[in-house]
Each structure stands twice: as structure tokens, then as C-alpha cells.
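Enquirer: Sharing a structure below in C-alpha cells format, with a few things to ask.
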Amino acid sequence: MNYSRRQAFLQIGKYALSSLVFNHASANLLNALSLEPEWKESRMVLSDLHVHPLLDKWIQSSPWGKQYPLIFKAVSKMLNKTSLDWERCWNAGINMLCAAHFNPFDEFASMPTDPNPDAPRQTIRMLDVLEDEINEKAFGYARLVNNAAELKAALKIKPNDPGFRIAVVHTIEGGHALGGDLKALDKFAERGVAMITITHFFTKAVGSSANSLPFFPDHGAPPPIQGLSNFGRDLIKRMEELGIIVDVAHATSTTVTGILENSTRPLVASHISARTLGDHPYSLYDEQIKEIANRGGIIGVILMPYWLSNYSNVHMSDKYGSLRDAVKTIRHICKICGTHKCIGIGSDFAGYIPGPKEMRQLSDIHKLRELLQDEFNDDDIVEDILGKNVSEFFINHWGVKG
Ligand SMILES: [Zn+2]
């Protein structure tokens, strides 16, 4: 290299280096001056209407789980394909989790019709187990909130604050948890249960429930009651008196109609899909979605491609289903309701669901956020759908007696 070339080379190097330093400094300066901090710090990341943080632990600590630990661990590994980890969720800035309690042993052991008188006691035990988990394994990451005021206070603390904790709310999946006795409801309300899903896998003398998976038919059962039973009607009335939110997920269309006819307060469909896009008995008709939205309710979209679309079976949804199925459903609900303000997310994660193939951990919720940003091109709308709509609904309606 001759002298002049070397001079030119050094000059270019100098420019390159100084521009690098300048760019870095200016980027830092712009960041410091920026009025829009990180998403995590300024916006809600997720208020999930329906998750199962404790289902595996509950199963493994049951008498059967203790007797056959390897079998239950293998079943969980095979079928429980989505999970949530407290620390990761905390790091991701997830704001609120509605922890759904259901006791699979009670449901399957006495399926499909009889309520089990021991169910309330078992349900209280599930609440205890979750609270122990929050005080031990989730300590420093999550806190239980017992009422709307506590939820509001918890949600004011932003994820960049050291005092930030995920607000955990008790909910119950299946009115049979009352064991056929309305008195149990007072105890549940006292313990901070915010919402109850009226039906679950089996009718159980509460209301007819939709076959939710191909391997869950009410086989061999007597003809199920159509719609809500008298107990189901009394349950809704008493829930509204106590300020417990009514959730229509898992109900047949006749039961959904019954719930709509018998309720006076805004409702939730915590983890559902739209029948127009996924033709399953589990999915809600457009008219039902619109009615819930018109009454100021919330539609939580499940993150389970099998229900969201028309895959021929669970295996195919596992292979091809993705978060795009959820985005399509969100867009559809937005279109038929004329607003996004009625939409939330009810992931059903850690609840033995075959989730979207690109998201197995709840803390990866940013993957859905990115897709929603592409779809709506509006950070406010995305924040509403992922977090604000649900949290504001709970702040406004949990504990309001009607
Ligand atoms: Zn469910």
C-alpha cells in the first residue's frame, strides 16, 4: 500500500470509527430523551383470563399422582405442552393471571352427571395449594389479589419497578365445584374467587357442556339436560348477588342461551373460539359473541389452534396450528362486534392443551404481540386486547353486587 492510499485508508477508518461512536452516542441520547419507553415498562403486557399454573402440581400431589408418579409425569410430558414459569412471566412483565381451579379427579371419577358433595372441600384445598405456591416458589414474582381494589393497586406498579408482582386471581372452572350446594359459594367469595365458569367437561347437574375434545364425549351418559339446570339458574343468581363474575366458556349453545337469559350483569367468555372459524360445539356463535360484547362483557380468545380453526384433528392442529389462528379470531370478533374493546386473551396455558407451535411458554407472549402489531398497526389497540380490556373489566365488575 503506497503512502497516499494508506492515508486514505486511515482517513476512512477514522470516519468510520467516529461515525460509529457518534451513532452509538446519539442512539443513547435519543433513548434517554425518548418519550416512549420500552413496551415492558410503559404498557400492559398480558392480563390472561384463563391459565392453569397449578394443575400439574395438583395432579402429582394427589393420592393417584403419588402412587403412580412416573405415569403422571409421563402423561404431563406428553400432553401438557404449554407451560408457565413464574420467574419468566415476571421478567416478561405479565400483569395479571386468572388461575383456573378444577379437580380432574372429581370430574372424571364421578362423570358425567353427579355433583360430588366433597367437591367444595377439594376446591378450597386447591386455593390453599396455589396460595402456598405464591408464598414459596412464586415469592417475589407474584401476589394473590383478593378483590378489585387490591387488583387496581397491584396493576399500578409497573414491571420496571422492583415492587412489581404478577397479580394472581382465583377462578373456578366448573359449577360442579359447589358439589350441588350453593352455600359453598359464600366461602369461595370470601376466599377471593373472582369468576366461575358455569360448566366444564361434564354436565354434572349444572348445565349441558360442549364436547370440548374428540376424546371427551359424554359416552354412556344418559341424555344430558339441555341448557341450564335449576341449580345452574340459582348459581348464576347467587353469583351475581356475591359479585362473582359469570363465565360461559365450555357451555353448549343452549346453556349459553340460558346463561344470557338468567344473568343481569356483564359476562365473560374466558377461553373460547368463534364457531364461524372453528366449527366445534365448544365455539361460540357470532350472535352470542355480539350479545356478550353488547352487554359490556369480555371475550377471551383461547391460544389453542385446534378450537380456533377447522383442523381435521388435534394432531393436525399441533403440526400446523399457530398464533395466526388466534389473530384471525381476534380480527373476526373485532369485525362482528365493531370494537376491539370486548376482546381479551384466555390462553389456557399449562392446562393440557396443544398450544400454538411457536409459543409453548406463556412468557413468550411477545410473539403474539408482534403479530397483533402487524395486524392492527396500533400499540393502543394491541395493549387493550392483551391487557387493558381484561384488567379494567375485573376492576369495574369484580365484587359489584347485582
Ligand atoms: Zn377450560
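As shown in the C-alpha cells, the chain order sets the letters A, B, ...; within each chain, residues go from 1, and ligands are also counted from 1 in the order they appear.
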Got a sec to check which residues lie within 8 Å of ligand 1, using only C-alpha atoms and all ligand atoms, and send them as a PyMOL selection string?

Expert: chain A and resi 50+173+200+249-250+271+348+351

Enquirer: Could those residues be written to a file, using C-alpha atoms, as a tab-separated table (two decimals), in the first residue's frame?

Expert:
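To be explicit, this is the file written out as out.tsv:
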```tsv
chain	number	residue	atom	x	y	z
A	50	HIS	CA	-57.58	-18.34	31.98
A	173	GLU	CA	-63.69	-23.88	36.27
A	200	HIS	CA	-66.69	-27.75	32.35
A	249	ALA	CA	-66.85	-20.99	28.43
A	250	HIS	CA	-67.39	-24.75	27.91
A	271	HIS	CA	-61.21	-19.01	26.77
A	348	ASP	CA	-55.46	-21.93	28.82
A	351	GLY	CA	-53.99	-26.76	31.10
```

Enquirer: Give me the residues near segment 291-297 of chain A as number ranges by chain, where near means some atom within 7 Å (using only C-alpha atoms) and where sequence neighbours in that chain fewer than 4 positions away do not count.

Expert: A: 266-268, 287, 337, 342

Enquirer: Save out the residues we just selected, N, CA, C and O atoms, as a tab-separated table (two decimals), in the first residue's frame.

Expert:
```tsv
chain	number	residue	atom	x	y	z
A	266	PRO	N	-72.65	-7.86	33.28
A	266	PRO	CA	-71.76	-8.19	32.17
A	266	PRO	C	-71.03	-9.53	32.41
A	266	PRO	O	-70.65	-9.85	33.54
A	267	LEU	N	-70.88	-10.28	31.34
A	267	LEU	CA	-70.35	-11.66	31.42
A	267	LEU	C	-68.97	-11.77	30.78
A	267	LEU	O	-68.56	-10.89	30.02
A	268	VAL	N	-68.35	-12.90	31.03
A	268	VAL	CA	-67.07	-13.22	30.39
A	268	VAL	C	-67.20	-14.56	29.68
A	268	VAL	O	-67.90	-15.46	30.15
A	287	GLU	N	-73.66	-14.54	17.06
A	287	GLU	CA	-74.71	-13.81	17.78
A	287	GLU	C	-74.44	-13.80	19.28
A	287	GLU	O	-74.71	-12.80	19.97
A	337	CYS	N	-68.18	-7.36	16.14
A	337	CYS	CA	-68.63	-6.54	17.27
A	337	CYS	C	-68.43	-5.05	17.02
A	337	CYS	O	-68.95	-4.21	17.76
A	342	CYS	N	-63.93	-5.39	23.55
A	342	CYS	CA	-64.53	-6.56	24.22
A	342	CYS	C	-63.59	-7.77	24.18
A	342	CYS	O	-63.97	-8.86	24.61
```

Enquirer: Using atom CA of Ser263 of chain A and atom CA of Lys237 of chain A as the two end points, give the distance in Å to one decimal.

Expert: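 Spanning atom CA of Ser263 of chain A to atom CA of Lys237 of chain A is a straight-line distance of 7.1 Å.
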
Enquirer: Give me the residues within 9 Å of segment 274-280 of chain A as a CSV table (one decimal) with N, CA, C and O atoms, in the first residue's frame, counting only C-alpha atoms and dropping any in the same chain fewer than 4 places off.

Expert:
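Writing the result to selection.csv gives the following:
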```
chain,number,residue,atom,x,y,z
A,210,ALA,N,-70.3,-28.5,26.4
A,210,ALA,CA,-69.9,-28.9,25.0
A,210,ALA,C,-68.8,-29.9,25.0
A,210,ALA,O,-67.9,-29.7,25.8
A,211,ASN,N,-68.9,-30.9,24.1
A,211,ASN,CA,-67.8,-31.8,24.0
A,211,ASN,C,-66.6,-31.0,23.6
A,211,ASN,O,-66.6,-30.4,22.5
A,212,SER,N,-65.6,-30.9,24.4
A,212,SER,CA,-64.5,-30.0,24.1
A,212,SER,C,-63.4,-30.6,23.3
A,212,SER,O,-62.7,-29.9,22.6
A,284,LEU,N,-68.3,-20.4,20.2
A,284,LEU,CA,-69.5,-19.6,20.3
A,284,LEU,C,-70.0,-19.1,18.9
A,284,LEU,O,-69.2,-18.8,18.1
A,285,TYR,N,-71.3,-19.0,18.8
A,285,TYR,CA,-71.9,-18.4,17.6
A,285,TYR,C,-71.6,-16.9,17.6
A,285,TYR,O,-71.5,-16.3,18.7
A,286,ASP,N,-71.6,-16.3,16.4
A,286,ASP,CA,-71.4,-14.9,16.3
A,286,ASP,C,-72.4,-14.1,17.1
A,286,ASP,O,-72.1,-13.1,17.8
A,289,ILE,N,-71.4,-14.1,20.7
A,289,ILE,CA,-70.3,-13.2,20.9
A,289,ILE,C,-70.7,-11.7,21.0
A,289,ILE,O,-70.4,-10.9,21.9
A,301,VAL,N,-59.9,-15.0,24.0
A,301,VAL,CA,-59.6,-15.9,22.9
A,301,VAL,C,-58.6,-16.9,23.4
A,301,VAL,O,-57.5,-16.5,23.9
A,305,PRO,N,-55.0,-23.6,18.7
A,305,PRO,CA,-55.4,-23.7,17.3
A,305,PRO,C,-56.5,-24.7,16.9
A,305,PRO,O,-57.3,-24.4,16.1
A,306,TYR,N,-56.5,-25.8,17.6
A,306,TYR,CA,-57.5,-26.8,17.3
A,306,TYR,C,-58.9,-26.3,17.4
A,306,TYR,O,-59.7,-26.5,16.5
A,307,TRP,N,-59.2,-25.5,18.4
A,307,TRP,CA,-60.5,-24.9,18.6
A,307,TRP,C,-60.7,-23.7,17.7
A,307,TRP,O,-61.9,-23.4,17.4
A,308,LEU,N,-59.6,-23.0,17.4
A,308,LEU,CA,-59.8,-21.7,16.7
A,308,LEU,C,-60.1,-21.9,15.3
A,308,LEU,O,-60.7,-21.0,14.6
A,309,SER,N,-59.7,-23.1,14.7
A,309,SER,CA,-59.8,-23.3,13.3
A,309,SER,C,-60.4,-24.7,13.0
A,309,SER,O,-60.8,-25.4,13.9
A,310,ASN,N,-60.5,-25.0,11.7
A,310,ASN,CA,-61.1,-26.3,11.4
A,310,ASN,C,-60.0,-27.4,11.0
A,310,ASN,O,-60.0,-27.9,9.9
A,311,TYR,N,-59.1,-27.6,11.9
A,311,TYR,CA,-58.1,-28.7,11.6
A,311,TYR,C,-58.8,-30.0,11.8
A,311,TYR,O,-59.7,-30.1,12.6
A,325,ASP,N,-53.9,-18.4,14.1
A,325,ASP,CA,-55.3,-18.8,14.3
A,325,ASP,C,-55.9,-17.8,15.3
A,325,ASP,O,-57.1,-17.5,15.2
A,328,LYS,N,-56.5,-14.4,13.7
A,328,LYS,CA,-57.7,-14.4,12.8
A,328,LYS,C,-59.0,-14.3,13.6
A,328,LYS,O,-59.9,-13.6,13.3
A,329,THR,N,-59.0,-15.0,14.7
A,329,THR,CA,-60.2,-15.0,15.6
A,329,THR,C,-60.4,-13.6,16.2
A,329,THR,O,-61.5,-13.0,16.2
A,332,HIS,N,-61.7,-11.4,13.6
A,332,HIS,CA,-63.1,-11.7,13.3
A,332,HIS,C,-64.1,-11.1,14.4
A,332,HIS,O,-65.1,-10.5,14.1
A,333,ILE,N,-63.7,-11.2,15.7
A,333,ILE,CA,-64.5,-10.7,16.8
A,333,ILE,C,-64.6,-9.2,16.7
A,333,ILE,O,-65.7,-8.6,16.8
```

Enquirer: Near Ile236 of chain A, counting only C-alpha atoms, which residues have an atom at most 8 Å away, once you skip same-chain residues fewer than 5 positions from it, shown as a list in words?

Expert: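 With the cut-off at 8 Å, the set is Val246, Ile259, Asn262 and Ser263 of chain A.
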
Enquirer: May I have the selected residues written with all heavy atoms, as a PDB file, in the first residue's frame?

Expert:
```
ATOM      1  N   VAL A 246     -69.590 -14.201  36.039  1.00  0.00           N
ATOM      2  CA  VAL A 246     -70.076 -15.418  35.377  1.00  0.00           C
ATOM      3  C   VAL A 246     -69.314 -15.628  34.067  1.00  0.00           C
ATOM      4  O   VAL A 246     -69.190 -14.709  33.257  1.00  0.00           O
ATOM      5  CB  VAL A 246     -71.594 -15.294  35.086  1.00  0.00           C
ATOM      6  CG1 VAL A 246     -72.082 -16.455  34.228  1.00  0.00           C
ATOM      7  CG2 VAL A 246     -72.387 -15.223  36.392  1.00  0.00           C
ATOM      8  N   ILE A 259     -77.688 -18.950  30.135  1.00  0.00           N
ATOM      9  CA  ILE A 259     -76.899 -18.038  30.975  1.00  0.00           C
ATOM     10  C   ILE A 259     -77.231 -16.590  30.600  1.00  0.00           C
ATOM     11  O   ILE A 259     -77.436 -15.736  31.472  1.00  0.00           O
ATOM     12  CB  ILE A 259     -75.381 -18.308  30.824  1.00  0.00           C
ATOM     13  CG1 ILE A 259     -75.019 -19.709  31.354  1.00  0.00           C
ATOM     14  CG2 ILE A 259     -74.568 -17.249  31.570  1.00  0.00           C
ATOM     15  CD1 ILE A 259     -73.595 -20.163  31.067  1.00  0.00           C
ATOM     16  N   ASN A 262     -80.526 -15.636  32.040  1.00  0.00           N
ATOM     17  CA  ASN A 262     -80.638 -15.598  33.502  1.00  0.00           C
ATOM     18  C   ASN A 262     -79.655 -14.660  34.190  1.00  0.00           C
ATOM     19  O   ASN A 262     -79.608 -14.598  35.411  1.00  0.00           O
ATOM     20  CB  ASN A 262     -80.475 -17.008  34.074  1.00  0.00           C
ATOM     21  CG  ASN A 262     -81.725 -17.839  33.864  1.00  0.00           C
ATOM     22  OD1 ASN A 262     -82.669 -17.740  34.631  1.00  0.00           O
ATOM     23  ND2 ASN A 262     -81.754 -18.605  32.781  1.00  0.00           N
ATOM     24  N   SER A 263     -78.831 -13.979  33.419  1.00  0.00           N
ATOM     25  CA  SER A 263     -77.859 -13.083  34.058  1.00  0.00           C
ATOM     26  C   SER A 263     -78.245 -11.634  33.781  1.00  0.00           C
ATOM     27  O   SER A 263     -78.867 -11.327  32.767  1.00  0.00           O
ATOM     28  CB  SER A 263     -76.456 -13.358  33.532  1.00  0.00           C
ATOM     29  OG  SER A 263     -76.420 -13.116  32.155  1.00  0.00           O
TER      30      SER A 263
END
```

Enquirer: As a list in words, please: every residue in segment 89-248 of chain A that a backbone DSSP assignment puts in strand (DSSP E or B).

Expert: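 After running DSSP on the backbone, segment 89-248 of chain A has strand (DSSP E or B) at Met96, Leu97, Cys98, Ala99, Ala100, His101, Ala142, Arg143, Leu144, Ile166, Ala167, Val168, Val169, His170, Thr171, Ile172, Glu173, Val193, Ala194, Met195, Ile196, Thr197, Gly207, Ser209, Leu228, Ile245, Val246 and Asp247 of chain A.
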
Enquirer: Can you tell me, as a ChimeraX atom specification, what residues are no more than 12 Å from Arg233 of chain A when counting only C-alpha atoms, ignoring any on the same chain fewer than 4 positions away?

Expert: /A:175,182,198,205-207,227-229,237-240,246,255-264

Enquirer: Take the residues that were just selected and, keeping C-alpha atoms, output them as a short mmCIF file (atom, residue, chain, number, x, y, z; two decimals), in the first residue's frame.

Expert:
```
data_model
loop_
_atom_site.label_atom_id
_atom_site.label_comp_id
_atom_site.auth_asym_id
_atom_site.auth_seq_id
_atom_site.Cartn_x
_atom_site.Cartn_y
_atom_site.Cartn_z
CA GLY A 175 -70.02 -25.00 38.77
CA LEU A 182 -74.98 -23.08 46.93
CA ILE A 198 -70.54 -22.36 34.88
CA ALA A 205 -76.38 -31.23 37.03
CA VAL A 206 -75.33 -27.62 36.37
CA GLY A 207 -75.76 -27.13 32.63
CA GLY A 227 -79.22 -25.83 28.79
CA LEU A 228 -79.08 -24.69 32.39
CA SER A 229 -80.50 -26.79 35.19
CA LYS A 237 -78.37 -15.56 40.67
CA ARG A 238 -76.29 -16.14 43.80
CA MET A 239 -73.00 -15.41 41.98
CA GLU A 240 -74.37 -12.05 40.92
CA VAL A 246 -70.08 -15.42 35.38
CA THR A 255 -76.58 -23.36 28.11
CA VAL A 256 -75.04 -20.13 26.79
CA THR A 257 -78.56 -19.00 25.86
CA GLY A 258 -79.75 -19.96 29.36
CA ILE A 259 -76.90 -18.04 30.98
CA LEU A 260 -77.65 -14.98 28.85
CA GLU A 261 -81.32 -15.19 29.80
CA ASN A 262 -80.64 -15.60 33.50
CA SER A 263 -77.86 -13.08 34.06
CA THR A 264 -78.16 -9.36 34.52
#
```

Enquirer: Which of these, A:Gly402, A:Pro120, A:Thr199, A:Ala99, has the shortest distance to Arg143 of chain A once you count only C-alpha atoms?

Expert: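 Under the stated criterion, the closest residue is A:Ala99.
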
Enquirer: Which residue gives the smallest distance to Trp39 of chain A among A:Ala92, A:Ile345, A:Leu372, A:Leu178, with only C-alpha atoms counted?

Expert: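 Under the stated criterion, the closest residue is A:Ala92.
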